[in-house]
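Next up, input24.txt (compact mmCIF, C-alpha atoms):
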```txt
# COMPACT_ATOMS: atom_id res chain seq x y z
CA MET A 1 118.61 -142.56 -27.36
CA PHE A 2 115.89 -144.93 -28.55
CA ASP A 3 116.01 -143.44 -32.06
CA ARG A 4 119.79 -143.92 -32.29
CA ILE A 5 119.59 -147.52 -31.09
CA GLU A 6 116.73 -148.15 -33.51
CA LYS A 7 118.85 -146.76 -36.35
CA LEU A 8 121.83 -148.96 -35.38
CA LEU A 9 119.72 -152.11 -35.27
CA ALA A 10 118.14 -151.29 -38.61
CA GLU A 11 121.55 -150.68 -40.23
CA GLU A 12 123.31 -153.70 -38.79
CA TYR A 13 120.58 -156.32 -38.65
CA GLY A 14 117.75 -154.93 -40.78
CA ILE A 15 115.44 -154.85 -37.76
CA ALA A 16 112.44 -152.53 -38.16
CA GLY A 17 109.41 -151.66 -36.02
CA LEU A 18 111.32 -151.55 -32.77
CA SER A 19 109.60 -150.79 -29.46
CA PRO A 20 111.15 -150.31 -25.98
CA ASP A 21 109.42 -153.33 -24.47
CA MET A 22 110.78 -155.77 -27.05
CA ASN A 23 112.95 -158.58 -25.70
CA ILE A 24 116.43 -158.35 -27.22
CA LYS A 25 116.93 -162.10 -27.67
CA LYS A 26 113.42 -163.42 -28.24
CA ASP A 27 111.75 -160.59 -30.20
CA LEU A 28 114.79 -159.40 -32.15
CA GLY A 29 116.10 -162.94 -32.75
CA LEU A 30 119.65 -162.08 -31.72
CA ASN A 31 121.89 -164.91 -30.53
CA SER A 32 124.60 -164.49 -27.89
CA PHE A 33 127.25 -163.64 -30.52
CA ASP A 34 124.95 -161.05 -32.14
CA LEU A 35 124.56 -159.56 -28.70
CA MET A 36 128.34 -159.32 -28.22
CA ASN A 37 128.63 -157.76 -31.68
CA LEU A 38 125.86 -155.28 -30.86
CA MET A 39 127.75 -154.38 -27.70
CA CYS A 40 130.81 -153.47 -29.79
CA ILE A 41 128.68 -151.40 -32.15
CA VAL A 42 127.12 -149.48 -29.25
CA GLU A 43 130.58 -148.92 -27.72
CA ASP A 44 131.91 -147.48 -31.00
CA GLU A 45 128.82 -145.38 -31.62
CA PHE A 46 128.69 -143.77 -28.18
CA GLY A 47 132.37 -143.85 -27.19
CA ILE A 48 131.71 -145.82 -24.01
CA GLU A 49 132.92 -149.13 -22.59
CA LEU A 50 130.32 -151.72 -21.71
CA ASP A 51 130.73 -154.62 -19.32
CA GLU A 52 129.97 -157.96 -21.01
CA ALA A 53 128.16 -159.44 -18.04
CA ASP A 54 126.01 -156.32 -17.48
CA PHE A 55 125.12 -156.11 -21.16
CA ARG A 56 124.10 -159.77 -21.28
CA HIS A 57 121.67 -159.23 -18.42
CA LEU A 58 119.72 -156.50 -20.23
CA SER A 59 116.50 -158.05 -21.45
CA THR A 60 114.56 -155.32 -23.31
CA VAL A 61 115.46 -152.60 -25.78
CA GLY A 62 114.26 -150.02 -23.24
CA GLU A 63 116.64 -151.37 -20.60
CA MET A 64 119.51 -151.22 -23.09
CA CYS A 65 118.73 -147.58 -23.90
CA GLY A 66 118.58 -146.72 -20.19
CA HIS A 67 121.88 -148.50 -19.48
CA VAL A 68 123.68 -146.71 -22.32
CA GLU A 69 122.24 -143.32 -21.26
CA LYS A 70 123.43 -143.92 -17.70
CA LEU A 71 126.98 -144.73 -18.84
CA ILE A 72 127.11 -141.68 -21.12
CA GLY A 73 126.02 -139.55 -18.17
CA GLU A 74 128.82 -140.97 -16.02
CA LYS A 75 131.51 -140.16 -18.58
CA MET B 1 129.59 -219.45 -33.84
CA LYS B 2 132.09 -218.34 -31.22
CA VAL B 3 133.62 -215.20 -29.77
CA ILE B 4 137.42 -215.06 -29.68
CA THR B 5 139.66 -212.65 -27.81
CA ALA B 6 142.23 -211.95 -30.49
CA THR B 7 145.37 -212.04 -28.40
CA ASP B 8 147.84 -213.45 -30.92
CA ARG B 9 149.05 -211.77 -34.08
CA LYS B 10 147.33 -214.26 -36.35
CA GLN B 11 143.91 -213.53 -34.84
CA GLN B 12 144.54 -209.80 -34.89
CA LYS B 13 145.48 -210.03 -38.54
CA GLN B 14 142.22 -211.89 -39.13
CA LEU B 15 140.34 -209.00 -37.50
CA LEU B 16 142.15 -206.42 -39.61
CA ARG B 17 141.69 -208.44 -42.80
CA SER B 18 137.95 -208.79 -42.21
CA ARG B 19 137.74 -205.05 -41.68
CA LYS B 20 139.60 -204.37 -44.91
CA GLU B 21 137.27 -206.70 -46.84
CA LEU B 22 134.21 -205.10 -45.32
CA TYR B 23 135.20 -201.54 -46.29
CA SER B 24 136.17 -202.68 -49.75
CA ALA B 25 132.83 -204.47 -50.27
CA GLN B 26 130.71 -201.60 -48.90
CA HIS B 27 132.55 -199.15 -51.12
CA THR B 28 131.15 -196.12 -49.32
CA PHE B 29 133.40 -195.22 -46.41
CA VAL B 30 137.11 -194.61 -45.87
CA ASP B 31 138.71 -196.55 -43.03
CA ASN B 32 140.65 -193.97 -41.00
CA ASN B 33 141.25 -196.33 -38.08
CA TYR B 34 142.99 -199.32 -39.64
CA TYR B 35 146.54 -198.24 -38.81
CA MET B 36 145.54 -196.94 -35.43
CA LEU B 37 144.14 -200.38 -34.61
CA ARG B 38 147.40 -201.97 -35.70
CA GLU B 39 149.22 -199.64 -33.34
CA ILE B 40 146.82 -200.46 -30.52
CA PHE B 41 147.44 -204.18 -31.06
CA SER B 42 151.18 -203.58 -31.02
CA GLY B 43 150.81 -202.12 -27.52
CA LYS B 44 153.01 -199.18 -28.45
CA LEU B 45 150.44 -196.40 -28.21
CA SER B 46 150.76 -194.04 -25.30
CA PHE B 47 147.05 -193.43 -24.89
CA THR B 48 146.26 -197.12 -24.37
CA ARG B 49 148.92 -197.41 -21.66
CA GLY B 50 147.13 -198.34 -18.47
CA MET B 51 144.04 -199.28 -20.47
CA ALA B 52 142.79 -202.88 -20.61
CA VAL B 53 142.30 -203.68 -24.30
CA TYR B 54 140.50 -206.77 -25.64
CA PRO B 55 140.33 -207.22 -29.43
CA LEU B 56 137.27 -209.37 -30.13
CA ILE B 57 136.04 -211.28 -33.16
CA VAL B 58 132.96 -213.42 -33.61
CA THR B 59 133.53 -216.18 -36.14
CA ASP B 60 131.47 -218.86 -37.77
CA LYS B 61 133.25 -221.64 -39.65
CA GLY B 62 136.40 -219.53 -39.65
CA ASN B 63 134.71 -216.42 -41.10
CA VAL B 64 134.62 -213.19 -39.10
CA LEU B 65 131.03 -211.97 -38.75
CA CYS B 66 131.66 -208.99 -36.49
CA SER B 67 134.51 -207.45 -34.52
CA GLY B 68 135.40 -204.71 -32.09
CA VAL B 69 137.75 -203.75 -29.32
CA ALA B 70 136.58 -203.73 -25.73
CA ALA B 71 138.49 -201.19 -23.66
CA TYR B 72 138.49 -200.24 -20.00
CA THR B 73 140.25 -197.38 -18.29
CA GLU B 74 140.12 -196.43 -14.63
CA GLU B 75 139.72 -192.84 -15.81
CA LEU B 76 136.19 -193.75 -16.95
CA PRO B 77 135.31 -196.46 -14.42
CA GLU B 78 131.57 -196.56 -15.10
CA TYR B 79 132.03 -197.79 -18.66
CA ILE B 80 133.42 -200.67 -20.64
CA GLN B 81 133.81 -199.38 -24.19
CA LEU B 82 133.05 -201.26 -27.39
CA CYS B 83 135.28 -199.40 -29.85
CA PHE B 84 135.90 -199.81 -33.58
CA PHE B 85 132.83 -202.00 -34.07
CA GLU B 86 132.32 -203.54 -37.51
CA SER B 87 129.92 -206.20 -38.76
CA LEU B 88 128.54 -207.95 -41.79
CA PRO B 89 124.80 -207.46 -42.40
CA VAL B 90 122.21 -209.80 -40.90
CA CYS B 91 124.48 -210.89 -38.04
CA GLY B 92 122.29 -210.01 -35.07
CA GLN B 93 123.14 -213.21 -33.26
CA ALA B 94 126.89 -212.61 -33.68
CA VAL B 95 126.59 -209.02 -32.42
CA GLU B 96 124.60 -210.28 -29.44
CA LEU B 97 127.41 -212.70 -28.67
CA LEU B 98 129.95 -209.89 -28.96
CA MET B 99 127.93 -207.65 -26.63
CA SER B 100 127.61 -210.48 -24.09
CA GLU B 101 131.38 -210.84 -24.07
CA VAL B 102 131.83 -207.09 -23.61
CA GLU B 103 129.32 -207.11 -20.75
CA LYS B 104 131.22 -210.00 -19.16
CA LEU B 105 134.42 -207.96 -19.34
CA GLY B 106 132.54 -204.98 -17.95
CA ARG B 107 131.42 -207.00 -14.92
CA LYS B 108 135.02 -208.10 -14.36
CA HIS B 109 136.08 -204.44 -14.17
CA GLY B 110 133.06 -203.41 -12.07
CA CYS B 111 131.49 -201.28 -14.84
CA LYS B 112 127.83 -200.29 -14.91
CA LYS B 113 127.42 -199.80 -18.66
CA VAL B 114 128.70 -200.72 -22.09
CA VAL B 115 129.27 -197.67 -24.28
CA VAL B 116 129.35 -198.24 -28.03
CA GLY B 117 131.03 -195.75 -30.34
CA LEU B 118 133.65 -194.26 -28.06
CA SER B 119 137.14 -194.83 -29.51
CA GLY B 120 139.12 -195.11 -26.27
CA HIS B 121 139.00 -191.36 -25.71
CA VAL B 122 136.69 -188.76 -27.26
CA ASN B 123 139.70 -187.14 -28.97
CA TYR B 124 139.92 -190.22 -31.22
CA GLY B 125 136.26 -190.38 -32.13
CA LEU B 126 132.75 -190.64 -30.85
CA GLY B 127 129.52 -192.05 -32.22
CA LEU B 128 128.18 -194.23 -34.99
CA LEU B 129 126.84 -192.59 -38.12
CA ASP B 130 123.03 -192.25 -38.00
CA SER B 131 122.23 -190.43 -41.25
CA HIS B 132 123.70 -189.80 -44.73
CA PHE B 133 124.66 -193.47 -45.08
CA ASP B 134 125.33 -193.06 -48.79
CA GLU B 135 128.00 -190.35 -48.36
CA LYS B 136 131.71 -190.85 -47.83
CA ASN B 137 132.82 -189.93 -44.30
CA SER B 138 135.06 -186.93 -43.78
CA PHE B 139 138.52 -187.48 -42.27
CA SER B 140 138.27 -189.11 -38.82
CA SER B 141 134.46 -189.06 -38.81
CA PRO B 142 132.53 -192.28 -38.33
CA GLY B 143 131.28 -194.06 -41.45
CA ASN B 144 129.10 -197.12 -41.10
CA PRO B 145 126.05 -198.67 -42.72
CA GLU B 146 122.60 -198.09 -41.23
CA TYR B 147 122.22 -201.67 -40.02
CA TYR B 148 124.91 -201.14 -37.32
CA ASN B 149 122.36 -198.95 -35.54
CA ASP B 150 119.63 -201.58 -35.92
CA TYR B 151 121.75 -204.03 -33.93
CA PHE B 152 122.17 -201.75 -30.94
CA ARG B 153 118.61 -200.42 -31.06
CA SER B 154 117.38 -204.00 -30.93
CA PHE B 155 119.17 -204.35 -27.55
CA GLY B 156 117.13 -201.43 -26.16
CA CYS B 157 120.22 -199.26 -25.64
CA GLU B 158 119.98 -195.71 -24.38
CA GLU B 159 120.95 -193.27 -27.14
CA VAL B 160 123.17 -190.22 -26.77
CA LYS B 161 122.77 -188.00 -29.83
CA LEU B 162 125.33 -185.91 -31.65
CA ASN B 163 125.43 -184.01 -34.90
CA SER B 164 127.74 -182.07 -37.16
CA TYR B 165 127.17 -178.86 -39.11
CA PHE B 166 128.00 -177.74 -42.62
CA THR B 167 128.30 -174.37 -44.29
CA ALA B 168 129.28 -173.02 -47.66
CA SER B 169 128.64 -169.42 -46.66
CA LEU B 170 130.92 -168.81 -43.70
CA ASP B 171 132.24 -165.60 -45.23
CA ASP B 172 128.81 -163.93 -45.25
CA ARG B 173 127.99 -165.18 -41.80
CA LEU B 174 131.22 -163.88 -40.29
CA LYS B 175 130.55 -160.41 -41.72
CA ARG B 176 127.61 -160.17 -39.33
CA PHE B 177 130.08 -160.24 -36.44
CA GLY B 178 132.63 -157.85 -37.95
CA ARG B 179 132.76 -155.39 -35.05
CA LEU B 180 133.06 -158.16 -32.46
CA ILE B 181 135.87 -159.83 -34.41
CA ALA B 182 137.73 -156.52 -34.72
CA LYS B 183 137.49 -155.97 -30.97
CA LEU B 184 138.64 -159.51 -30.17
CA GLU B 185 141.55 -159.18 -32.58
CA ARG B 186 142.67 -156.15 -30.58
CA SER B 187 142.20 -157.85 -27.22
CA TYR B 188 143.81 -161.24 -27.86
CA GLU B 189 147.01 -162.47 -29.43
CA PHE B 190 146.70 -165.37 -31.87
CA ARG B 191 149.51 -167.81 -32.58
CA THR B 192 149.71 -170.89 -34.74
CA PHE B 193 151.34 -174.12 -33.57
CA ASP B 194 155.14 -173.86 -33.65
CA ARG B 195 156.70 -177.17 -34.74
CA LYS B 196 160.15 -175.94 -33.73
CA ARG B 197 158.78 -175.80 -30.17
CA PHE B 198 156.71 -178.96 -30.57
CA ASP B 199 156.71 -180.13 -26.97
CA GLU B 200 155.89 -176.72 -25.56
CA TYR B 201 152.96 -176.17 -27.92
CA SER B 202 151.75 -179.74 -27.55
CA ARG B 203 151.61 -179.18 -23.78
CA ILE B 204 149.61 -175.99 -24.28
CA TYR B 205 147.15 -178.01 -26.37
CA THR B 206 146.85 -180.68 -23.64
CA ASP B 207 146.39 -178.12 -20.86
CA LEU B 208 143.69 -176.30 -22.83
CA ASN B 209 141.87 -179.55 -23.65
CA ASN B 210 141.85 -180.54 -20.00
CA ALA B 211 140.76 -177.08 -18.88
CA CYS B 212 138.01 -176.72 -21.50
CA PHE B 213 136.44 -180.18 -21.64
CA SER B 214 136.82 -181.72 -18.19
CA ASP B 215 133.06 -181.47 -17.57
CA HIS B 216 132.07 -182.93 -20.95
CA ARG B 217 130.48 -186.36 -21.20
CA TYR B 218 133.00 -189.22 -21.69
CA TYR B 219 136.00 -186.85 -21.43
CA TYR B 220 138.84 -187.74 -19.13
CA GLY B 221 142.17 -186.00 -18.65
CA ARG B 222 144.75 -186.20 -21.39
CA ARG B 223 148.41 -186.81 -20.62
CA TYR B 224 151.10 -184.77 -22.34
CA GLU B 225 152.53 -187.87 -24.00
CA ASP B 226 149.10 -188.85 -25.41
CA ASP B 227 148.67 -185.57 -27.26
CA ARG B 228 152.29 -185.43 -28.30
CA GLU B 229 151.79 -188.80 -29.96
CA MET B 230 148.46 -187.80 -31.56
CA LEU B 231 149.78 -184.47 -32.84
CA LYS B 232 152.93 -186.08 -34.24
CA THR B 233 150.67 -188.28 -36.39
CA LEU B 234 148.35 -185.45 -37.39
CA PHE B 235 151.26 -183.20 -38.35
CA LEU B 236 152.29 -185.71 -41.00
CA PHE B 237 149.37 -184.11 -42.85
CA MET B 238 148.50 -180.91 -41.04
CA LYS B 239 150.30 -177.59 -41.33
CA GLU B 240 151.12 -175.39 -38.36
CA ASP B 241 148.22 -173.07 -39.11
CA SER B 242 145.77 -175.92 -38.49
CA LEU B 243 146.14 -175.40 -34.77
CA ILE B 244 145.56 -171.82 -33.64
CA PHE B 245 145.83 -170.60 -30.06
CA ALA B 246 144.44 -167.46 -28.44
CA PHE B 247 146.49 -165.80 -25.70
CA ARG B 248 145.47 -163.08 -23.24
CA ASP B 249 148.28 -161.31 -21.39
CA GLY B 250 150.63 -164.09 -22.47
CA LYS B 251 148.38 -166.85 -21.09
CA PRO B 252 146.78 -169.42 -23.45
CA VAL B 253 143.00 -169.17 -23.11
CA GLY B 254 141.56 -170.86 -26.19
CA PHE B 255 142.32 -172.86 -29.31
CA ILE B 256 140.84 -174.20 -32.49
CA MET B 257 141.97 -177.14 -34.64
CA TRP B 258 140.95 -177.64 -38.25
CA TYR B 259 142.35 -179.36 -41.32
CA PRO B 260 141.41 -179.97 -44.94
CA ASP B 261 139.22 -183.07 -45.28
CA TYR B 262 141.96 -185.48 -46.29
CA ASN B 263 139.36 -188.14 -47.11
CA GLU B 264 138.72 -186.18 -50.31
CA LEU B 265 142.04 -187.70 -51.38
CA ALA B 266 140.80 -191.24 -50.74
CA GLY B 267 138.47 -193.39 -52.74
CA ALA B 268 135.48 -194.94 -51.01
CA GLY B 269 136.40 -198.30 -49.53
CA GLU B 270 140.09 -197.42 -49.11
CA ILE B 271 142.21 -197.72 -46.02
CA PHE B 272 143.69 -194.32 -45.22
CA GLY B 273 147.47 -194.55 -45.06
CA THR B 274 150.82 -193.88 -46.69
CA LYS B 275 149.60 -193.37 -50.23
CA HIS B 276 147.33 -190.60 -49.04
CA PHE B 277 150.32 -188.90 -47.44
CA PHE B 278 151.84 -188.63 -50.91
CA ARG B 279 148.53 -187.67 -52.49
CA ASN B 280 148.33 -184.85 -49.94
CA LEU B 281 151.79 -183.63 -50.96
CA PHE B 282 150.86 -183.46 -54.62
CA ARG B 283 147.09 -182.97 -54.63
CA GLY B 284 146.39 -181.46 -51.22
CA ARG B 285 145.34 -178.17 -52.77
CA SER B 286 142.42 -179.85 -54.54
CA ILE B 287 140.58 -180.41 -51.25
CA ARG B 288 137.50 -178.19 -51.02
CA THR B 289 136.14 -178.90 -47.55
CA ALA B 290 137.73 -177.86 -44.29
CA LYS B 291 136.94 -179.83 -41.18
CA VAL B 292 136.80 -177.98 -37.87
CA MET B 293 137.80 -180.67 -35.39
CA GLU B 294 137.55 -178.93 -32.06
CA TYR B 295 137.64 -175.59 -30.37
CA GLY B 296 137.75 -174.67 -26.75
CA VAL B 297 137.88 -171.58 -24.58
CA ILE B 298 138.57 -171.67 -20.85
CA GLU B 299 135.54 -170.77 -18.79
CA GLU B 300 136.35 -167.23 -17.69
CA TYR B 301 136.79 -166.10 -21.33
CA ARG B 302 133.77 -167.90 -22.84
CA SER B 303 131.38 -164.96 -22.61
CA SER B 304 133.70 -162.75 -24.65
CA GLY B 305 132.71 -164.31 -27.99
CA LEU B 306 136.27 -165.56 -28.53
CA PRO B 307 135.17 -168.63 -30.57
CA ILE B 308 134.01 -166.24 -33.31
CA ALA B 309 137.49 -164.73 -33.56
CA LEU B 310 139.05 -168.21 -33.64
CA ILE B 311 136.78 -169.38 -36.46
CA SER B 312 137.45 -166.12 -38.29
CA ARG B 313 141.18 -166.90 -38.10
CA VAL B 314 140.46 -170.37 -39.48
CA PHE B 315 138.43 -168.90 -42.30
CA ASP B 316 141.27 -166.55 -43.29
CA THR B 317 143.61 -169.56 -43.33
CA LEU B 318 141.46 -172.08 -45.17
CA LYS B 319 140.91 -169.63 -48.02
CA LYS B 320 144.65 -169.90 -48.69
CA TYR B 321 144.20 -173.66 -49.08
CA GLY B 322 141.36 -173.26 -51.57
CA CYS B 323 138.71 -174.64 -49.21
CA ASP B 324 135.32 -172.97 -49.51
CA ARG B 325 133.16 -175.30 -47.44
CA VAL B 326 133.30 -176.10 -43.75
CA GLU B 327 132.12 -179.19 -41.90
CA THR B 328 132.33 -179.46 -38.15
CA SER B 329 133.18 -182.51 -36.12
CA TRP B 330 130.54 -184.09 -33.87
CA ILE B 331 128.81 -182.00 -31.21
CA LEU B 332 126.76 -183.52 -28.42
CA ASP B 333 123.11 -182.40 -28.54
CA GLU B 334 123.43 -181.54 -24.85
CA ASN B 335 126.25 -179.05 -25.56
CA GLU B 336 124.08 -175.94 -25.90
CA ASP B 337 126.96 -173.46 -26.26
CA SER B 338 128.58 -175.27 -29.17
CA ASN B 339 125.28 -175.90 -30.92
CA SER B 340 124.34 -172.25 -30.59
CA PHE B 341 127.79 -171.25 -31.94
CA CYS B 342 127.41 -173.55 -34.95
CA LYS B 343 123.84 -172.47 -35.64
CA ALA B 344 125.08 -168.87 -35.79
CA LEU B 345 127.71 -169.76 -38.39
CA CYS B 346 126.46 -172.73 -40.39
CA ASP B 347 123.73 -173.25 -42.95
CA THR B 348 122.31 -176.36 -41.42
CA PRO B 349 122.84 -179.29 -39.07
CA TYR B 350 124.42 -182.01 -41.17
CA LYS B 351 125.17 -185.59 -40.19
CA ARG B 352 123.63 -187.29 -37.17
CA TYR B 353 125.65 -189.58 -34.94
CA VAL B 354 124.68 -191.70 -31.96
CA VAL B 355 126.42 -193.30 -29.01
CA TYR B 356 124.76 -196.34 -27.44
CA GLU B 357 124.79 -197.13 -23.75
CA LYS B 358 123.61 -200.45 -22.39
CA GLU B 359 123.20 -201.26 -18.70
CA ILE B 360 125.18 -204.29 -17.61
CA ASP B 361 122.98 -206.88 -15.90
CA LYS B 362 124.28 -207.97 -12.52
```
Once more with this new file: its structure as structure tokens, please.
Amino acid sequence: MFDRIEKLLAEEYGIAGLSPDMNIKKDLGLNSFDLMNLMCIVEDEFGIELDEADFRHLSTVGEMCGHVEKLIGEK
Amino acid sequence: MKVITATDRKQQKQLLRSRKELYSAQHTFVDNNYYMLREIFSGKLSFTRGMAVYPLIVTDKGNVLCSGVAAYTEELPEYIQLCFFESLPVCGQAVELLMSEVEKLGRKHGCKKVVVGLSGHVNYGLGLLDSHFDEKNSFSSPGNPEYYNDYFRSFGCEEVKLNSYFTASLDDRLKRFGRLIAKLERSYEFRTFDRKRFDEYSRIYTDLNNACFSDHRYYYGRRYEDDREMLKTLFLFMKEDSLIFAFRDGKPVGFIMWYPDYNELAGAGEIFGTKHFFRNLFRGRSIRTAKVMEYGVIEEYRSSGLPIALISRVFDTLKKYGCDRVETSWILDENEDSNSFCKALCDTPYKRYVVYEKEIDK
């Protein structure tokens, strides 16, 4: 999961050197609209539907990976 | 030197004439408020109904040194407003006299503060220019020389800061949000203003304004007739696609208003009026800058990113008009959401504006 998210962030935002403990907003420099856009990208990539409020509360890359994995498992 | 409440037509004409001479002599800014002031003096405007309005001039040997309009509304009971302020340079004493008169009026109405730079209601303008004094103002934006600020700073006023943004690369910036825009386009319906259903759409605009901005500083509720009147004037220039609404399940949830910067059709020092209406008919397509006046999304839809889809709609439209640059209207520094939105889409903060507040001594 981490590798796929890393690939997405590299393709869309040119972000390299990702680690699971990185803060999505502070370390990756994503603003709230980037975050909403990233949510759409993740939805398209994994065929899932994410809740805006839940997604906004994720703080690290690791948490995001865990959340997406959980939703894929529930499908 | 004396302060006069310009109650008769002759005095009001003197105020307007002094204003005209001032803009002409400064030769930097366009006066977008001249005809509005005339309407205010005529007492015909809807939005000043129920508002106490005091046109003021300070004269010395028959010459107007400074002027303004004091205004009070029960909707904003804490403040007496000093609107449409103008002054010659080196007239500190005259401005002090003007402020004393405004404070006196404020005491009469039980106000706590004088607010300088608010034009009756925020929808008609807010702030004095505090940077870029050598550039012509965009349509409906404040334009004043630097020394206006020196007057109010010398009174020790509290300052409320605002700024605008500018971008010449909106296209590239919007691409970054392509997936989000595509999703929002699927989830919301977008409609432009329908002039055939003027009253209905004007009411939607009023309701959205009141729903979106009720907690903003200086804002107070708009009446349907106020916006109907304002939009009727704006639509002498604007096209229907200058006002775009977002609907969700048939319910209006957001809007954005923009227009070409009509001041590009005016020379510095001019009063904006009828001749610019005709210039817009024949030369409107030569305007390069689009001005985003306001946008709003009702609270429960704000986290969806809807403003991005609204601005994307604007961008698609303004390209048709040949505009390739975008300037925003004023944004209060304290409005974190709007500043963050503009930072995401614009190259840089642009002009600075300031509103002055002065406590009224008991």
Taking all atoms listed in the file into account, produce a table as a tab-separated table in which each residue of chain B with an atom at most 12 Å from an atom of chain A appears once, together with its shortest atom pair and the distance in Å to one decimal, ordered by chain and rising number.
```
residue	atom	partner	partner_atom	distance
B:Arg173	CA	A:Asp34	CA	10.9
B:Leu174	CA	A:Phe33	CA	10.5
B:Lys175	CA	A:Glu12	CA	10.3
B:Arg176	CA	A:Asp34	CA	7.7
B:Phe177	CA	A:Asn37	CA	5.6
B:Gly178	CA	A:Asn37	CA	7.4
B:Arg179	CA	A:Asn37	CA	5.8
B:Leu180	CA	A:Asn37	CA	4.5
B:Ile181	CA	A:Asn37	CA	8.0
B:Ala182	CA	A:Cys40	CA	9.0
B:Lys183	CA	A:Cys40	CA	7.2
B:Leu184	CA	A:Cys40	CA	9.9
B:Glu300	CA	A:Ala53	CA	11.3
B:Tyr301	CA	A:Glu52	CA	10.6
B:Arg302	CA	A:Glu52	CA	10.8
B:Ser303	CA	A:Glu52	CA	7.3
B:Ser304	CA	A:Glu52	CA	7.1
B:Gly305	CA	A:Phe33	CA	6.1
B:Leu306	CA	A:Phe33	CA	9.4
B:Pro307	CA	A:Phe33	CA	9.4
B:Ile308	CA	A:Phe33	CA	7.8
B:Ala309	CA	A:Phe33	CA	10.7
B:Glu336	CA	A:Ser32	CA	11.6
B:Asp337	CA	A:Ser32	CA	9.4
B:Ser338	CA	A:Ser32	CA	11.6
B:Asn339	CA	A:Asn31	CA	11.5
B:Ser340	CA	A:Asn31	CA	7.7
B:Phe341	CA	A:Phe33	CA	7.8
B:Cys342	CA	A:Phe33	CA	10.9
B:Lys343	CA	A:Asn31	CA	9.3
B:Ala344	CA	A:Asn31	CA	7.3
B:Leu345	CA	A:Phe33	CA	10.0
```
Check your understanding: Hey, can you check how far CA of Gln81 (chain B) sits from CA of Val102 (chain B)?
Key ->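 It comes out at 8.0 Å.
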Review point. Do you have the CA of Thr28 (chain B)-CA of Gly127 (chain B) distance handy?
Key: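 Interatomic distance here is 17.7 Å.
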Given 5 Å of margin on each side, can you work out the centre and size in Å (one decimal) of an axis-aligned box holding every listed atom of region 41-55 of chain A, as lines of an AutoDock Vina configuration file?
```
center_x = 129.0
center_y = -151.6
center_z = -24.8
size_x = 17.8
size_y = 25.7
size_z = 24.7
```
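Within 12 Å of Gly73 (chain A), once all atoms listed in the file are used and residues closer than 3 positions along the same chain are dropped, the contacting residues are Phe46, Gly47, Ile48, Gly66, His67, Val68, Glu69 and Lys70 of chain A.
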Exercise for review: Show which residues sit within 7 Å of Val61 (chain A), as a list in words. Count only C-alpha atoms, and ignore same-chain residues fewer than 4 positions away.
Suggested key: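 Returned residues: Pro20, Asp21, Met22, Asn23, Ile24 and Cys65 of chain A.
As for CA of Glu101 (chain B) and CA of Leu56 (chain B), they are spaced 8.6 Å apart.
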Exercise for review: Go through B:Leu88, B:Val116, B:Ile298, B:Leu332 and flag the residue nearest Ala71 (chain B), using all atoms listed in the file for the distances.
Suggested key: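 Ranked by minimum distance to Ala71 (chain B), first place goes to B:Val116.
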Practice item. Please provide as number ranges by chain all residues within 10 Å of region 318-321 of chain B, with the sequence filter that same-chain residues fewer than 3 positions apart are discarded (counting all atoms listed in the file). Key: B: 171, 241-242, 258-260, 284-291, 312-315, 324-326
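Shortest atom-to-atom contact with Val69 (chain B) among B:Glu135, B:Glu86, B:Asp333, B:Glu158: B:Glu86, counting all atoms listed in the file.
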**Study point:** Nearest-residue call for Asn137 (chain B), choices B:Glu240, B:Asp8, B:Asp261, B:Glu357, using only C-alpha atoms
**Key:**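 Between B:Glu240, B:Asp8, B:Asp261, B:Glu357, the residue approaching Asn137 (chain B) most closely is B:Asp261.
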